[in-house]
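Enquirer: Mind looking over this structure? Questions follow.
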Amino acid sequence: MASAVRSQELPVCREGPHGLRVLRASRFPPRWRGARIAAEPPAVSSPQTISLRQAPRRFSSSRLGAMRLLARTARMCGGRGLYRRRHLAPGRFEIRREVVSVPGLAPDLEGLRCVQLSDLHAGPFLGRGDLSAVVEAANALGPDLVFLTGDLITHEWREALVVLDDLGRLTPRLATLAVFGNHDYHGREEGRIVEAYRERGIDFLRNEARRIAVGAATVAVVGLEDLEEGKVVDPAPARAGVQPGDLELVLCHNPAGGPPLARPGCAAVFSGHTHGGQLDLPVLRRQGPSHPGLRLRLGGTTLIVSRGLGSVGLPLRIGAPTDIVLATFTGEGA
Ligand SMILES: [Fe+2]
């Protein structure tokens with residue numbers, strides 16, 4: 001069902017100005033080109049030593065004010081109900097089924113099912129109860145793990161609490177794990193969000209890994225702070241918790257982290273951030289974040305990019321349907 005963009009090409013990087021590495025990805029989909037990844041001076045020897053930190057995007061206060069006014073007006077005109085009916089009601093969001101083949105996958109991990117929900121953007125257009133159909137659909141997929149890959153909120157940290165009742169009804173067999181996206185740092189109250197979510201059984205990974213035993217095998221889920229707004233983004237200590245033989249899965253909100261995080265043994269990187277363009281019109285494409293499409297093969301690592309469930313600016317999506325990702329891992333076909 002997924003209209004996945006697939007590429008067998010590895011990203012090729014060159015040194016750009018100001019110590020940035022610029023993806024020279026002529027074979028990548030257009031919006032992925034120009035994605036910037038900060039390089040650790042003086043030289044990068046392996047993905048583990050790369051700093052992923054990116055300079056935050058900063059919008060002028062007038063632009064931010066205009067966006068908030070637009071959102072407020074749209075909400076007053078019934079934007080939230082409209083968004084729920086058009087993008088969050090049963091049958092209105094896509095269930096993307098991605099199969100990831102992993103050479104030598106442990107028998108106990110055959111068929112491991114990971115459901116990803118991204119970019120909820122609770123706020124003007126998504127409130128309490130609006131995710132009920134999404135959560136029901138996610139549970140019906142029988143996930144072993146659920147991943148929340150950032151941007152829980154739109155403007156205020158308290159918006160993260162609004163969706164907790166819905167998210168608290170997720171029923172994975174093993175765990176629900178989350179990372180922050182760039183929006184989630186508004187107000188710098190990440191600690192309060194972590195605390196509230198932990199009470200509902202949802203664990204945040206902040207440059208750290210969680211090892212989860214599945215029979216005789218282990219899944220190691222690594223979660224990183226956001227590349228733009230996280231004060232420290234450091235995969236090395238997070239990955240120090242990954243043991244040889246673990247199935248390594250990485251949660252990184254911004255898909256620009258995919259290429260430098262790819263390495264042997266890392267089966268998948270789960271990202272969001274792009275909303276699939278949200279308003280996927282040629283004239284607007286430069287306004288949103290660059291993105292590589294929905295799925296990329298990076299050597300032995302598969303980058304999966306969710307279009308997410310929420311909306312920013314307007315209660316509207318064009319050419320970028322909301323989605324839930326179901327990633328199933330198999331040793332077959334590897
Ligand atoms: Fe987002």
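Residues are named by chain letter and number: chains run A, B, ... in the order of the structure tokens, numbers start at 1 in each chain, and ligands are numbered from 1 in the order shown.
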Fewer than 4 positions away in the same chain doesn't count, so skip those; otherwise give me all residues within 8 Å of Ala122 in chain A, counting only C-alpha atoms, as a list of chain:residue names.
Expert: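 Non-adjacent residues within range: A:Leu126, A:Gly127, A:Leu152, A:Ile153, A:Thr154, A:Glu159, A:Ala160, A:Val162, A:Val163, A:Gly310.
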Enquirer: Would you export the selected residues with N, CA and C atoms as a compact mmCIF listing (two decimals), in the first residue's frame, please?
Expert:
# COMPACT_ATOMS: atom_id res chain seq x y z
N LEU A 126 -5.36 19.33 16.65
CA LEU A 126 -5.41 17.95 17.15
C LEU A 126 -5.49 17.98 18.67
N GLY A 127 -6.57 17.47 19.21
CA GLY A 127 -6.78 17.55 20.65
C GLY A 127 -7.19 16.22 21.25
N LEU A 152 5.45 15.87 19.26
CA LEU A 152 4.17 15.61 19.93
C LEU A 152 3.33 16.88 19.93
N ILE A 153 4.00 18.03 19.98
CA ILE A 153 3.29 19.29 20.20
C ILE A 153 3.46 20.23 19.00
N THR A 154 2.74 21.36 19.09
CA THR A 154 2.90 22.40 18.06
C THR A 154 3.59 23.63 18.65
N GLU A 159 0.65 20.91 25.46
CA GLU A 159 -0.10 20.22 24.41
C GLU A 159 0.24 18.72 24.39
N ALA A 160 1.44 18.39 24.88
CA ALA A 160 1.83 16.97 24.92
C ALA A 160 0.93 16.17 25.85
N VAL A 162 -2.28 16.63 26.27
CA VAL A 162 -3.62 16.51 25.69
C VAL A 162 -3.82 15.15 25.01
N VAL A 163 -2.75 14.61 24.44
CA VAL A 163 -2.89 13.35 23.70
C VAL A 163 -2.52 12.13 24.55
N GLY A 310 -0.07 14.74 12.25
CA GLY A 310 -0.57 16.08 12.56
C GLY A 310 -0.30 17.08 11.45
Enquirer: Thr330 in chain A: which residues within 10 Å, counting only C-alpha atoms, same-chain residues fewer than 3 positions away excluded, as a PDB file with C-alpha atoms, in the first residue's frame?
Expert:
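New file selection18.pdb:
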ATOM      1  CA  VAL A  99       9.070  -5.143   5.306  1.00  0.00           C
ATOM      2  CA  VAL A 100      12.721  -4.914   6.329  1.00  0.00           C
ATOM      3  CA  SER A 101      14.951  -7.883   5.504  1.00  0.00           C
ATOM      4  CA  VAL A 102      17.819  -8.423   7.908  1.00  0.00           C
ATOM      5  CA  PRO A 103      20.573 -10.938   7.110  1.00  0.00           C
ATOM      6  CA  GLY A 104      21.016 -13.441   9.922  1.00  0.00           C
ATOM      7  CA  LEU A 105      18.033 -12.216  11.909  1.00  0.00           C
ATOM      8  CA  ALA A 106      17.659 -14.241  15.106  1.00  0.00           C
ATOM      9  CA  PRO A 107      14.757 -16.714  14.893  1.00  0.00           C
ATOM     10  CA  LEU A 109      12.947 -11.817  16.079  1.00  0.00           C
ATOM     11  CA  GLU A 110      11.402 -13.205  12.922  1.00  0.00           C
ATOM     12  CA  GLY A 111       8.264 -11.203  12.216  1.00  0.00           C
ATOM     13  CA  LEU A 112       8.996  -8.516  14.821  1.00  0.00           C
ATOM     14  CA  ARG A 113       6.384  -5.804  14.341  1.00  0.00           C
ATOM     15  CA  ALA A 327       7.617  -2.213   9.922  1.00  0.00           C
ATOM     16  CA  GLY A 333      15.028 -12.340   1.332  1.00  0.00           C
ATOM     17  CA  ALA A 334      18.051 -10.805   3.005  1.00  0.00           C
TER      18      ALA A 334
END
Enquirer: Residues within 9 Å of ligand 1 (only C-alpha atoms and all ligand atoms), as a PyMOL selection string?
Expert: chain A and resi 118-121+150-154+181-183+253+272-275+307-312
Enquirer: Please produce an output containing N, CA and C atoms for each residue in the selection, written as a tab-separated table (two decimals), in the first residue's frame.
Expert:
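The new file result38.tsv reads:
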chain	number	residue	atom	x	y	z
A	118	SER	N	4.16	9.36	14.22
A	118	SER	CA	5.08	10.51	14.22
A	118	SER	C	4.33	11.82	14.08
A	119	ASP	N	4.99	12.88	14.51
A	119	ASP	CA	4.51	14.25	14.25
A	119	ASP	C	3.01	14.41	14.54
A	120	LEU	N	2.66	14.14	15.79
A	120	LEU	CA	1.24	14.26	16.17
A	120	LEU	C	0.80	15.73	16.16
A	121	HIS	N	1.68	16.58	16.61
A	121	HIS	CA	1.40	18.02	16.65
A	121	HIS	C	0.07	18.33	17.34
A	150	GLY	N	8.65	11.87	17.62
A	150	GLY	CA	8.85	13.30	17.81
A	150	GLY	C	7.76	14.20	17.26
A	151	ASP	N	7.86	15.47	17.70
A	151	ASP	CA	6.85	16.49	17.41
A	151	ASP	C	5.48	16.07	17.96
A	152	LEU	N	5.45	15.87	19.26
A	152	LEU	CA	4.17	15.61	19.93
A	152	LEU	C	3.33	16.88	19.93
A	153	ILE	N	4.00	18.03	19.98
A	153	ILE	CA	3.29	19.29	20.20
A	153	ILE	C	3.46	20.23	19.00
A	154	THR	N	2.74	21.36	19.09
A	154	THR	CA	2.90	22.40	18.06
A	154	THR	C	3.59	23.63	18.65
A	181	GLY	N	11.02	15.68	18.94
A	181	GLY	CA	11.23	16.37	17.67
A	181	GLY	C	11.50	17.84	17.94
A	182	ASN	N	11.80	18.59	16.91
A	182	ASN	CA	12.20	19.98	17.10
A	182	ASN	C	11.14	20.81	17.82
A	183	HIS	N	9.85	20.56	17.55
A	183	HIS	CA	8.80	21.35	18.20
A	183	HIS	C	8.74	21.09	19.71
A	253	HIS	N	14.26	11.86	14.95
A	253	HIS	CA	13.15	12.62	14.36
A	253	HIS	C	13.48	13.13	12.96
A	272	GLY	N	10.69	11.15	11.06
A	272	GLY	CA	9.46	11.83	10.63
A	272	GLY	C	9.84	13.20	10.13
A	273	HIS	N	9.28	14.25	10.74
A	273	HIS	CA	9.72	15.64	10.57
A	273	HIS	C	9.19	16.30	9.30
A	274	THR	N	9.10	15.60	8.22
A	274	THR	CA	8.85	16.25	6.93
A	274	THR	C	7.37	16.42	6.61
A	275	HIS	N	6.53	15.63	7.24
A	275	HIS	CA	5.09	15.61	6.95
A	275	HIS	C	4.84	15.24	5.49
A	307	ARG	N	5.16	10.15	7.23
A	307	ARG	CA	4.59	11.46	6.93
A	307	ARG	C	3.91	12.06	8.14
A	308	GLY	N	3.73	11.24	9.18
A	308	GLY	CA	3.16	11.75	10.41
A	308	GLY	C	1.65	11.86	10.39
A	309	LEU	N	1.12	12.37	11.50
A	309	LEU	CA	-0.33	12.40	11.69
A	309	LEU	C	-0.89	13.80	11.88
A	310	GLY	N	-0.07	14.74	12.25
A	310	GLY	CA	-0.57	16.08	12.56
A	310	GLY	C	-0.30	17.08	11.45
A	311	SER	N	-0.55	18.33	11.81
A	311	SER	CA	-0.44	19.40	10.82
A	311	SER	C	0.03	20.68	11.50
A	312	VAL	N	0.81	21.46	10.80
A	312	VAL	CA	1.28	22.75	11.32
A	312	VAL	C	0.84	23.85	10.36
Enquirer: Could you list, as a ChimeraX atom specification, every residue within 10 Å of Leu174 in chain A, counting only C-alpha atoms and ignoring same-chain residues fewer than 2 positions away?
Expert: /A:143-146,171-172,176-177,212-214
Enquirer: Choose the residue, out of A:Tyr83, A:Arg68, A:Ala140, A:Lys231, that has the smallest atom-to-atom separation from Glu156 in chain A; count only C-alpha atoms.
Expert: A:Arg68
